[in-house]
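Novice: Quick one: structure below, then a few questions.
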Amino acid sequence: MRGMRKVIISLSFFWFLVCHAQTAFIGDMFGGRLWYFPTNFSVGSYSAHTVCGDSNQLYSWGSNVHGELGFGNIPSQYLPVKVPGMNNINYYSAGYVAGAIKKDGTGWVWGKKLNKPTQVIDDVKYIDAGDKSVTFIKGDGTVWSVGENDYGCFGNGQGYSSDPVKMKGVDNAVRVANGSYTTTILLETGEVMTCGYNFYYGLGHSQKNVIVTEPTLVPGLKDIVAIASNRFVNIALDRKGDVFIWGYGHGNWNTQYTVRRLEEISNIVAISARNDGAHFMALDSAGNCYSWGHNYYAQLGTGNKKNVSVPTLVASDVIDILAGESFSYIIKKDWSVWCAGSNHGGSISLGNFWSSSQSFTKLSLENTGICNVKYANFTKKRIVNVSLCDGDTLIFGRQTVVAEGTYIDSFFSLVLDSIHTYNVSLIPRQTQSLQYTICGNENLVVNGVKYDSNGVFLDTLSNIFGCDSILKIKVKVLPISVTNQIVHVCPLGQVTVGNSTYSKQGLYFDTLTNILGCDSIVHTKVIEEKDYSFIDYKEICSYDSLRYQGVSHDKKGLYIYSFKTVWGCDSNYVLDLDTFDYNKCFHGLTYVPNSFTPNGDLINDDFGFSFLNIINAELRIFNSWGELIFTASGTDPRWDGAGTKNHEPCKSGVYMYQLYTTALDSQSKKYQGTVSLLR
């Protein structure tokens, strides 16, 4: 049985899509979702950047305190300036330090200790720059970092390194995000890992002040397509458009030790943050921009400087979002650039000299020397005719198609350089129904698939067009009967089950056929009964008679009685009757005193009896209130005039007695009367 197929259409010349925004999508289905494509603009902590022209030249403007603009220790720039040697750029990123990837796959870094761009690595497909280090992802999915390795953020020990340091245990990374205390890695599987210092709970668990120098998985995250980190907190976007957050929130926003979903926003297509910043931005499928976090520079664009703890709508008709440290850019559908937050002396606003803007303010790109915001012009067109099987999924670019129609997809390198039209025709699926009846211990095999239970089952085959043919199989399972029986067999007897006969004790299994034509399983436990005949010996006195099994006997001899056991087997009672001699037959009391004097003179000191043929006797003494004060038993029980409980002498008076006797012939008698105790 086959599952739903996915038909993926790709072009051999289109392996690596190139773009430049920090919300990066580079053609591997990560970095954003649905319609989102990044523009050619990006921002650093206090700087901004773009790539323009046929030579893919990198331009920078803004603060240059850390050398992040890429041209040495010159002052901040109010207008864009070409970064020396940084042409043929595929992708770039900036924080306090910066880096770029050229078209030949080489990785370059600059800022802080490096005054100009310096090549440090090759075969690179992704980069993220932070406040003190730059991290690369190579084509083989391994992660490499240069700069300050504080808190084990490189995922391999600690300390500064100008040479790339390879992260341990990761070979399938697609994105990386640098925070001030942690590094977050997105894997090709959609899982997320972290390493570094958990002072602000950026590792995704609640054990504070732990340094983890090798990456570990963040619980609760799957199907992630984008990640972003600021100074304190991390966020992740999944394929459904939900955003998840974890880490320590300053100001008015909440501490989140472990991962939780942001319930205030949904159907998000892109997220943005900047290392050493303290706010986030999110863009939904309708073009609405949300921001939240610290707002001490008015970087949220909410119209004030109050911190915001939950995502808040700040703009609409937006196609790209760029979060810096103290400011934010947004790109609107009309390709205009808007800025909110600190202006750093006019450098962020491209020469517009206002100190800060509490709401998003439109910037002018005229006379700046750079190109406009764009995806690009169309340079290639292609029409593809595709046959789609009903129930299958067709994937091309970032579109998923399940129905017949005409679809258009756009492809990007540095610019929008091709458009493909797909004419999709639908081939209907075929359905066939089959019915089967089987017994409960049988298996039905249809097209190599085994069925052994009631139900309606669907199997998928391939027809002559290579499309699904649905086989509807209805299976009815008839019950088999199972009987467990216990049979008691008399001596020389037997039991018959089907064609089998059993007379010996044991456990037997027989398979018969029931009225439905299915197996009837019979489990028979045979128990052999014994001959239960026995002899019962009895004695009576010669002048007595014995009633036995409803018949009276007064003479000695053997008497035989036949009977059936509970299992119907023949058995016999044999009565062996004998008689006692005369002396044994007589029994009873021969003397009972009526008083005694327990004074220690050894004359009549206790109360007792004289017996004949008595084998046991029990004596009970009661006071005048009817209370039992003394008991004794044996062949000669006697009372010494004291109580049983504490053996204190009883007072003079009249006491009642009861005497129970058992004679040699097992007959019992009771005697009672009174006795006087004299002191």
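By order of appearance in the structure tokens: chains A, B, ..., then residues from 1 within every chain, and ligands from 1 in the order shown.
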Counting only C-alpha atoms, what is within 8 Å of Ile535 (chain A), bar same-chain residues fewer than 6 positions away, as a PDB file with C-alpha atoms, in the first residue's frame?

Specialist:
ATOM      1  CA  TYR A 573     -20.289 -49.078  50.784  1.00  0.00           C
ATOM      2  CA  VAL A 574     -19.363 -52.122  52.944  1.00  0.00           C
ATOM      3  CA  LEU A 575     -20.602 -51.910  56.542  1.00  0.00           C
ATOM      4  CA  ASP A 576     -18.519 -54.049  58.914  1.00  0.00           C
TER       5      ASP A 576
END

Novice: Given the choices A:Asn64, A:Thr106, A:Thr661, A:Ser571, which gets closest to His344 (chain A) if the distance is worked out from only C-alpha atoms?

Specialist: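 Looking at the shortest contact to His344 (chain A), the residue is A:Asn64.
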
Novice: Which one of A:Asn234, A:Asn73, A:Ser433, A:Thr393 sits closest to Ile473 (chain A) if you count only C-alpha atoms?

Specialist: A:Ser433

Novice: Looking only at the backbone, which of the residues in region 581-676 of chain A does DSSP tag as helix (DSSP H, G or I), as a ChimeraX atom specification?

Specialist: /A:582-585

Novice: Write the residues of the selection above to a file with N, CA and C atoms, as a PDB file, in the first residue's frame.

Specialist:
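Generated output (again.pdb):
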ATOM      1  N   TYR A 582     -20.329 -56.490  77.394  1.00  0.00           N
ATOM      2  CA  TYR A 582     -21.267 -55.820  78.289  1.00  0.00           C
ATOM      3  C   TYR A 582     -20.592 -54.722  79.086  1.00  0.00           C
ATOM      4  N   ASN A 583     -19.391 -55.023  79.596  1.00  0.00           N
ATOM      5  CA  ASN A 583     -18.730 -54.032  80.447  1.00  0.00           C
ATOM      6  C   ASN A 583     -18.435 -52.739  79.697  1.00  0.00           C
ATOM      7  N   LYS A 584     -18.070 -52.869  78.438  1.00  0.00           N
ATOM      8  CA  LYS A 584     -17.778 -51.669  77.649  1.00  0.00           C
ATOM      9  C   LYS A 584     -19.042 -50.903  77.292  1.00  0.00           C
ATOM     10  N   CYS A 585     -20.116 -51.588  77.238  1.00  0.00           N
ATOM     11  CA  CYS A 585     -21.347 -50.917  76.824  1.00  0.00           C
ATOM     12  C   CYS A 585     -21.929 -50.081  77.947  1.00  0.00           C
TER      13      CYS A 585
END

Novice: Can you measure CA of Asp459 (chain A) to CA of Leu388 (chain A) for me? One decimal in Å is fine.

Specialist: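 Result for CA of Asp459 (chain A) versus CA of Leu388 (chain A): 19.5 Å, one decimal.
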
Novice: Quick one: of A:Arg429, A:Asn40, A:Ala177, A:Asn623, who's nearest to Gly53 (chain A), counting only C-alpha atoms?

Specialist: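 Distance minimum relative to Gly53 (chain A) lands on A:Asn40.
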
Novice: Could you give me, as a PyMOL selection string, the residues within 7 Å of region 221-223 of chain A, counting only C-alpha atoms and dropping anything in the same chain fewer than 6 positions from it?

Specialist: chain A and resi 190-192+238-239

Novice: Would you pick out the contacts of region 156-164 of chain A at 12 Å or less, using only C-alpha atoms, so that residues sharing its chain but fewer than 3 positions from it are not included, and give the list as a count of residues only?

Specialist: 45

Novice: Go ahead and compute the interatomic distance for CA of Gly498 (chain A) and CA of Tyr436 (chain A), in Å to one decimal.

Specialist: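 CA of Tyr436 (chain A) lies at a distance of 29.5 Å from CA of Gly498 (chain A).
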
Novice: Show which residues sit within 12 Å of Thr302 (chain A), as a VMD selection string. Count only C-alpha atoms, and ignore same-chain residues fewer than 6 positions away.

Specialist: chain A and resid 289 to 296 308 311 to 315 328 339 to 341 357 to 361

Novice: Just write the chosen residues, N, CA and C atoms, as a PDB file, in the first residue's frame.

Specialist:
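Saved result, part_19.pdb, follows:
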ATOM      1  N   CYS A 289       2.817  43.692   9.747  1.00  0.00           N
ATOM      2  CA  CYS A 289       4.077  43.630  10.490  1.00  0.00           C
ATOM      3  C   CYS A 289       3.800  43.789  11.975  1.00  0.00           C
ATOM      4  N   TYR A 290       4.389  42.898  12.788  1.00  0.00           N
ATOM      5  CA  TYR A 290       4.242  42.929  14.242  1.00  0.00           C
ATOM      6  C   TYR A 290       5.627  43.107  14.865  1.00  0.00           C
ATOM      7  N   SER A 291       5.683  43.796  15.997  1.00  0.00           N
ATOM      8  CA  SER A 291       6.942  43.918  16.737  1.00  0.00           C
ATOM      9  C   SER A 291       6.666  43.845  18.223  1.00  0.00           C
ATOM     10  N   TRP A 292       7.679  43.448  19.001  1.00  0.00           N
ATOM     11  CA  TRP A 292       7.544  43.369  20.451  1.00  0.00           C
ATOM     12  C   TRP A 292       8.932  43.290  21.079  1.00  0.00           C
ATOM     13  N   GLY A 293       9.025  43.622  22.398  1.00  0.00           N
ATOM     14  CA  GLY A 293      10.283  43.580  23.122  1.00  0.00           C
ATOM     15  C   GLY A 293      10.648  44.935  23.692  1.00  0.00           C
ATOM     16  N   HIS A 294      11.954  45.203  23.856  1.00  0.00           N
ATOM     17  CA  HIS A 294      12.433  46.500  24.350  1.00  0.00           C
ATOM     18  C   HIS A 294      12.132  47.597  23.339  1.00  0.00           C
ATOM     19  N   ASN A 295      11.876  48.768  23.883  1.00  0.00           N
ATOM     20  CA  ASN A 295      11.494  49.878  23.002  1.00  0.00           C
ATOM     21  C   ASN A 295      12.127  51.186  23.465  1.00  0.00           C
ATOM     22  N   TYR A 296      13.316  51.095  24.107  1.00  0.00           N
ATOM     23  CA  TYR A 296      13.900  52.323  24.661  1.00  0.00           C
ATOM     24  C   TYR A 296      14.403  53.286  23.596  1.00  0.00           C
ATOM     25  N   VAL A 308       6.966  46.411  25.017  1.00  0.00           N
ATOM     26  CA  VAL A 308       5.772  45.656  24.632  1.00  0.00           C
ATOM     27  C   VAL A 308       6.051  44.172  24.850  1.00  0.00           C
ATOM     28  N   PRO A 311       3.371  40.422  20.678  1.00  0.00           N
ATOM     29  CA  PRO A 311       3.411  40.966  19.326  1.00  0.00           C
ATOM     30  C   PRO A 311       2.295  41.977  19.083  1.00  0.00           C
ATOM     31  N   THR A 312       2.675  43.149  18.552  1.00  0.00           N
ATOM     32  CA  THR A 312       1.740  44.252  18.350  1.00  0.00           C
ATOM     33  C   THR A 312       1.811  44.716  16.905  1.00  0.00           C
ATOM     34  N   LEU A 313       0.655  44.910  16.279  1.00  0.00           N
ATOM     35  CA  LEU A 313       0.598  45.352  14.887  1.00  0.00           C
ATOM     36  C   LEU A 313       1.130  46.775  14.773  1.00  0.00           C
ATOM     37  N   VAL A 314       2.132  46.993  13.881  1.00  0.00           N
ATOM     38  CA  VAL A 314       2.732  48.322  13.731  1.00  0.00           C
ATOM     39  C   VAL A 314       2.683  48.821  12.283  1.00  0.00           C
ATOM     40  N   ALA A 315       2.430  47.953  11.301  1.00  0.00           N
ATOM     41  CA  ALA A 315       2.394  48.400   9.914  1.00  0.00           C
ATOM     42  C   ALA A 315       1.696  47.346   9.065  1.00  0.00           C
ATOM     43  N   SER A 328      14.637  49.793  13.297  1.00  0.00           N
ATOM     44  CA  SER A 328      14.046  48.763  12.441  1.00  0.00           C
ATOM     45  C   SER A 328      13.749  49.359  11.077  1.00  0.00           C
ATOM     46  N   CYS A 339      11.635  53.570   8.338  1.00  0.00           N
ATOM     47  CA  CYS A 339      12.530  53.374   9.480  1.00  0.00           C
ATOM     48  C   CYS A 339      11.860  53.847  10.760  1.00  0.00           C
ATOM     49  N   ALA A 340      12.118  53.137  11.873  1.00  0.00           N
ATOM     50  CA  ALA A 340      11.690  53.560  13.208  1.00  0.00           C
ATOM     51  C   ALA A 340      12.839  53.320  14.173  1.00  0.00           C
ATOM     52  N   GLY A 341      12.982  54.210  15.199  1.00  0.00           N
ATOM     53  CA  GLY A 341      14.003  54.030  16.212  1.00  0.00           C
ATOM     54  C   GLY A 341      15.102  55.060  16.109  1.00  0.00           C
ATOM     55  N   SER A 357      12.671  58.226  15.471  1.00  0.00           N
ATOM     56  CA  SER A 357      11.269  58.245  15.047  1.00  0.00           C
ATOM     57  C   SER A 357      10.524  57.166  15.809  1.00  0.00           C
ATOM     58  N   GLN A 358       9.431  57.573  16.496  1.00  0.00           N
ATOM     59  CA  GLN A 358       8.677  56.612  17.299  1.00  0.00           C
ATOM     60  C   GLN A 358       7.709  55.800  16.449  1.00  0.00           C
ATOM     61  N   SER A 359       7.422  56.243  15.248  1.00  0.00           N
ATOM     62  CA  SER A 359       6.623  55.490  14.287  1.00  0.00           C
ATOM     63  C   SER A 359       7.452  55.320  13.020  1.00  0.00           C
ATOM     64  N   PHE A 360       7.063  54.390  12.180  1.00  0.00           N
ATOM     65  CA  PHE A 360       7.813  54.163  10.956  1.00  0.00           C
ATOM     66  C   PHE A 360       7.696  55.364  10.022  1.00  0.00           C
ATOM     67  N   THR A 361       8.864  55.868   9.599  1.00  0.00           N
ATOM     68  CA  THR A 361       8.961  57.052   8.749  1.00  0.00           C
ATOM     69  C   THR A 361       9.592  56.667   7.416  1.00  0.00           C
TER      70      THR A 361
END

Novice: Using only C-alpha atoms, can you tell me which of A:Thr368, A:Tyr561, A:Val424, A:Ser668 comes closest to Tyr548 (chain A)?

Specialist: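 Selected residue with least distance to Tyr548 (chain A): A:Tyr561.
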
Novice: Find the residues near region 628-645 of chain A: any atom within 6 Å, counting only C-alpha atoms, skip ones fewer than 4 places away on the same chain, and give them as a PyMOL selection string.

Specialist: chain A and resi 606-608+615-622+649-650

Novice: Neighbours of Ile348 (chain A) within 10 Å (only C-alpha atoms; same-chain residues fewer than 5 positions away dropped), as a PyMOL selection string?

Specialist: chain A and resi 43+46-48+61-63+76-80+327-329+339-343+353-356+363

Novice: When distances are computed from only C-alpha atoms, which of A:Val482, A:Val446, A:Ala663, A:Val654 shows the smallest separation from Leu612 (chain A)?

Specialist: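 Ranked by minimum distance to Leu612 (chain A), first place goes to A:Ala663.
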
Novice: Report the distance between CA of Val475 (chain A) and CA of Tyr451 (chain A) in Å, rounded to one decimal place.

Specialist: 7.7 Å

Novice: Given the choices A:Val477, A:Val386, A:Ile331, A:Leu664, which gets closest to Leu444 (chain A) if the distance is worked out from only C-alpha atoms?

Specialist: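 The answer is A:Val477, which sits nearest to Leu444 (chain A).
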